[in-house]
Every structure is written in C-alpha cells, then in structure tokens.
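Engineer: Below is one structure. I have some questions about it.
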Amino acid sequence: MRKTPKSLRLQLGLFGRTNIGKSSFLNMVAGQDVAITSCVPGTTTDVVEKSMELLPIGPVVFLDTAGTDDISELSRLRIEKSRKIFNRADIILLLVEPNMWSQYEDTIVQEAKGRNTPLIVIINKIDQTPPKDKYIKRIKAITDKFLLCCSIDVDNRDHYVSALKKYIIECCPGDFLNPPPLIGDLMPKNGLAVLIVPIDSEAPKGRIILPQVQTIRDALDNNQAVLIVKETEYTTVLKKLSVPPDIVVCDSQVVLQMIKDTPDDIKCTTFSILFARYKGDLIEQAKAAALIKTLKPHDRVLIAEACSHHPIEDDIGRVKIPRWLKKYVKGELTIDICAGRDYPEDLKDYKLIIHCGGCMITRREMLFRIQRAKAKGIPLTNYGIAISVLQGVLERVLLPFPAALDAFQKEHAEGRKTTDEGRKREEVF
C-alpha cells in the first residue's frame with residue numbers, strides 16, 4: 001500500500017486561512033512532522049503532498065495548501081497553486097478558528113458546493129478559544145460533518161483522528177471505494193484476456209507501464225487469466241490456443257495490426273479505451289471523437305498530457321497524433337501541448353482536446369477536465385479513441401462497450417446530417 005501511486009489514492013484537500021494551523025493538523029494526523037510549522041504567516045509557500053495509509057480507509061494523499069488569503073510576497077502564485085487543488089480533491093477539509101468566519105470560508109464552501117465535493121469543517125485551536133453555540137449552529141447549517149480539534153493536543157490525537165476517519169468514510173466518493181472496472185466485467189470468471197504489449201523506448205527498463213500493470217491486476221482480482229504477448233508474436237500465439245480468448249487488448253499504436261490479425265468473433269479494444277472508462281467518461285469521449293471529422297485546416301487543437309515525461313523522438317502525443325491529424329485534415333493545424341497539471345484555464349479557442357489516458361491523475365480530476373470542456377462546448381476525447389478514429393477502426397474496438405458505440409454512431413450521424421444540410425445551404429446561395 002505504501003507504493004500505491006498518488007493518482008490512485010484518495011485526495012484530501014486541506015484548506016484554511018494563513019496561520020490557521022493546517023500544517024500542524026497534518027502533522028497530528030500523520031503522527032510525524034511532515035510539514036514545516038511556524039507562527040510566521042505564509043510559512044507554507046507551496047502545496048505539500050503527504051502520502052500515507054489512513055486505515056481502514058487505505059492509501060490517501062493530503063494536499064496541504066498555502067493560505068489563499070495570503071498577502072505576502074509571491075502570494076499570487078501560491079494562491080493559483082492552492083486553487084488548483086479544488087480540481088484534484090475528492091474531499092475538502094476546511095480548517096477554521098472558533099468564532100471566526102469570513103468571506104474566505106464562504107468562498108471555500110461555495111467552491112465545494114459548485115464541484116459537488118464533500119466538505120468537512122475542522123474547528124481548530126479550541127484550546128485557545130472555545131466555540132460559541134451560535135458559531136456551532138452556523139457550522140451545522142453548512143455541514144453535519146465537523147469536529148472540534150486542537151492540533152497540538154497529543155493526548156487526544158486518537159480521538160480527533162478517529163472522528164476525521166469516520167467522516168471521510170461517510171463521504172468517501174463511491175468511485176474510490178468501488179472503482180469502475182478496467183477489464184473484469186468484459187469477460188466471464190475464469191475468462192482469458194490476451195494483452196498485446198509492445199516494448200518500446202517509452203517503457204521503463206525492466207517493467208511495463210502502469211495501465212498494463214493495472215489491467216493485469218484487475219483481471220487477477222476477478223479470477224481471470226491473462227496472456228501477455230508482443231505484437232510480433234500475437235498471431236503465432238493466437239493459433240496455439242485451443243479456444244479463442246474472451247477479449248484482446250492492445251496498445252493504441254498497434255491497433256490497426258491487431259484488428260487485421262483478430263477474427264471478427266473475438267472482442268478487442270485498447271488500453272487507452274479501457275482507461276477512458278476507468279478514469280473518465282467513455283461515452284462523452286466517444287461522442288467527442290465523432291467530431292474529429294469536423295476539423296478543418298488551421299483549427300486549434302490541444303494535446304493534453306497528465307504526466308510530465310521527457311518526450312522521445314517519435315512521441316505519441318507530441319509527434320505522432322499531430323502528424324496523423326494533419327494528414328487527416330489534409331492541411332496544417334495549430335496544435336498546443338500541455339503537460340502535468342498545467343491545464344489551460346481558457347479553452348474557448350480550441351476546436352478539440354485530445355487527452356492522454358490519465359493514468360497519473362485521479363478520476364475526479366479527469367472528470368473535472370471533461371466536464372469543464374463540455375461546459376465550454378469543446379469536445380474532449382483521449383489518445384486511444386482519437387487514434388482509432390484516425391485509423392478508421394473505432395467502431396470495432398468499441399464493440400465491448402455498446403453504450404459508447406451507440407453514442408459515437410449517433411453523434412457521427414448527427415454531424416453528417418449537419419454537414420449535408422450545410423452543403424445544401426451553400427448550393428442554394
């Protein structure tokens with residue numbers, strides 16, 4: 001559990017005014033000094049991430065933010081980084097002082113409500129000032145999940161931490177406690193999946209990449225078998241099987257070859273499409289993929305990567321997909337690249353967003369990006385889905401997901417209808 005990637009941990013955003021005691025609270029929960037504490041305002045200058053096991057909940061990461069009411073030097077940059085935590089947090093923890101409530105606290109509450117993110121209020125420093133009944137009543141009107149706390153009261157640590165765990169369990173997002181399946185529901189118990197895993201220059205030495213590892217684990221957790229093979233040996237191994245596999249999954253870059261080598265009666269898809277469902281909204285991303293055909297030369301496209309890896313010479317997101325897109329539209333496109341959490345605030349100029357599978361960010365953050373693009377009317381799809389469209393095989397690899405296939409076909413038909421109507425209008429004029 002200590003090796004669980006941050007993207008798979010429950011993300012707990014810790015907010016509060018400057019010098020409210022957030023770092024002290026974090027140290028108390030962790031039972032060790034994981035954040036610098038000081039009476040000097042603005043000591044926390046950046047987001048402090050602390051991964052730990054919060055049993056019985058499991059792996060979590062606390063995101064200790066700088067006070068967003070900070071008016072010290074560099075405060076603007078601190079505030080921007082702190083506010084981005086709203087996009088990541090599965091649960092928001094708001095630290096307050098007894099009998100103190102300002103516009104700042106109202107802003108945090110409104111941000112939580114606007115994102116439908118659970119909120120827990122922690123009334124800290126009760127050793128200095130006891131909260132008045134009127135103040136408690138005000139908190140209760142906002143949330144029934146609040147606790148009284150003194151972060152430096154070591155004797156009562158277990159009491160405070162137990163109360164916090166209780167609230168976290170009560171409002172823990174369902175997709176954390178019961179994450180959507182990767183592959184387990186796509187084949188029967190004791191079923192067999194063939195995974196085509198190319199070993200290229202982006203694969204870490206001696207290992208295979210995270211999406212492939214997680215797919216293997218999901219199959220094993222569902223009492224299913226996995227056969228792993230490189231693309232060069234796939235057809236030979238397939239012929240050796242006495243019964244066909246229940247599903248074949250490949251890296252998106254070899255999808256065309258997989259389709260060619262896989263009989264029509266065998267289900268197949270890509271790792272990227274599995275992750276579109278696991279980390280995001282496959283139906284919305286399938287609908288968005290249908291709009292790739294509406295791209296025209298000089299349109300603006302955003303390629304979004306969740307991780308900040310060093311790009312290789314023939315990088316999939318920075319080189320291959322842009323090249324395939326330009327070939328598809330038969331002209332130049334304006335293509336921007338963003339990596340890590342440097343996701344643009346302003347999306348209005350983009351005709352399309354093509355996002356990676358999101359294995360290095362949380363499902364909540366991926367869903368937030370999808371919904372924010374949707375609110376702006378910008379279609380967002382992912383690498384694997386886009387590649388399958390550009391290769392002309394998306395409908396084949398969406399067969400295991402009937403609802404997503406139906407959404408793609410309907411959006412495709414609607415787009416074709418709109419295009420035909422536009423042509424008729426042009427002919428009239």
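The way I read the labels, and the way they are meant: chains A, B, ... in the order of the structure tokens, residue 1 as the first residue of every chain, and ligand 1 as the first ligand shown, with later ones counted on from there.
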Just list as a list in words whatever in stretch 91-194 of chain A DSSP marks as strand (DSSP E or B).

Structural biologist: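 Written out, the strand (DSSP E or B) residues of stretch 91-194 of chain A are Ile91, Ile92, Leu93, Leu94, Leu95, Val96, Leu119, Ile120, Val121, Ile122, Ile123, Phe146, Leu147, Leu148, Leu192, Ala193 and Val194 of chain A.
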
Engineer: Based on the selection just made, write C-alpha atoms of those residues as a CSV table (one decimal), in the first residue's frame.

Structural biologist:
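Once everything was written out, this is out-v5.csv:
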chain,number,residue,atom,x,y,z
A,91,ILE,CA,-12.9,15.6,-0.2
A,92,ILE,CA,-12.2,19.2,1.1
A,93,LEU,CA,-11.1,19.7,4.7
A,94,LEU,CA,-11.6,23.3,5.8
A,95,LEU,CA,-9.8,24.4,9.0
A,96,VAL,CA,-11.3,27.3,10.9
A,119,LEU,CA,-16.8,19.1,2.8
A,120,ILE,CA,-15.6,18.5,6.4
A,121,VAL,CA,-15.1,21.5,8.7
A,122,ILE,CA,-12.4,21.2,11.4
A,123,ILE,CA,-12.7,23.8,14.2
A,146,PHE,CA,-17.5,18.9,11.6
A,147,LEU,CA,-15.2,18.3,14.5
A,148,LEU,CA,-13.6,20.2,17.3
A,192,LEU,CA,-8.9,-15.3,-20.8
A,193,ALA,CA,-7.6,-11.9,-22.0
A,194,VAL,CA,-4.7,-11.6,-24.4

Engineer: Residues within 9 Å of stretch 299-302 of chain A, please, as number ranges by chain. Count only C-alpha atoms; anything in the same chain fewer than 3 positions from it doesn't count.

Structural biologist: A: 295-296, 322, 332-338, 347, 349-355

Engineer: With C-alpha atoms kept, could you save the residues just selected as a PDB file, in the first residue's frame?

Structural biologist:
ATOM      1  CA  LEU A 295     -11.709  19.523 -38.062  1.00  0.00           C
ATOM      2  CA  LYS A 296     -10.515  21.875 -40.791  1.00  0.00           C
ATOM      3  CA  PRO A 322      -0.346  15.770 -34.532  1.00  0.00           C
ATOM      4  CA  GLU A 332      -1.887  22.423 -41.125  1.00  0.00           C
ATOM      5  CA  LEU A 333      -3.373  22.716 -37.641  1.00  0.00           C
ATOM      6  CA  THR A 334      -2.459  24.917 -34.701  1.00  0.00           C
ATOM      7  CA  ILE A 335      -1.556  22.398 -32.004  1.00  0.00           C
ATOM      8  CA  ASP A 336      -0.774  23.320 -28.396  1.00  0.00           C
ATOM      9  CA  ILE A 337       0.720  20.916 -25.854  1.00  0.00           C
ATOM     10  CA  CYS A 338       0.155  20.998 -22.095  1.00  0.00           C
ATOM     11  CA  LEU A 347     -10.319  26.602 -23.531  1.00  0.00           C
ATOM     12  CA  ASP A 349     -10.226  28.851 -28.731  1.00  0.00           C
ATOM     13  CA  TYR A 350      -9.882  25.099 -29.132  1.00  0.00           C
ATOM     14  CA  LYS A 351     -11.889  23.079 -31.624  1.00  0.00           C
ATOM     15  CA  LEU A 352     -10.875  19.792 -29.979  1.00  0.00           C
ATOM     16  CA  ILE A 353      -8.988  18.484 -26.935  1.00  0.00           C
ATOM     17  CA  ILE A 354      -7.185  15.141 -27.131  1.00  0.00           C
ATOM     18  CA  HIS A 355      -6.197  13.933 -23.668  1.00  0.00           C
TER      19      HIS A 355
END

Engineer: For A:Leu54, work out the shell of residues within 12 Å, counting only C-alpha atoms and skipping chain neighbours fewer than 4 positions away, then give it as a list in words.

Structural biologist: Met1, Arg2, Arg9, Leu10, Gln11, Leu12, Val29, Ala30, Gly31, Lys50, Gly58, Pro59, Val60, Val61, Phe62, Val161, Ser162, Leu164, Lys165, Lys166, Ile168 and Ile169 of chain A

Engineer: Which residues, written as a ChimeraX atom specification, have at least one atom at most 6 Å from stretch 284-292 of chain A, with only C-alpha atoms counted and residues fewer than 3 positions away on the same chain left out?

Structural biologist: /A:281,295,379-381,404,407-408,411-412

Engineer: Using only C-alpha atoms, can you tell me which of A:Glu233, A:Val393, A:Tyr328, A:Asp153 comes closest to A:Ile126?

Structural biologist: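 Answer, going by the shortest atom-to-atom distance: A:Asp153.
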
Engineer: Please return, as a count of residues only, all residues of stretch 347-391 of chain A that DSSP assigns to alpha helix (DSSP H) on the basis of the backbone.

Structural biologist: 21

Engineer: Just to confirm, what's the straight-line distance from atom CA of A:Arg341 to atom CA of A:Thr294 in Å (one decimal)?

Structural biologist: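 The value is 28.1 Å.
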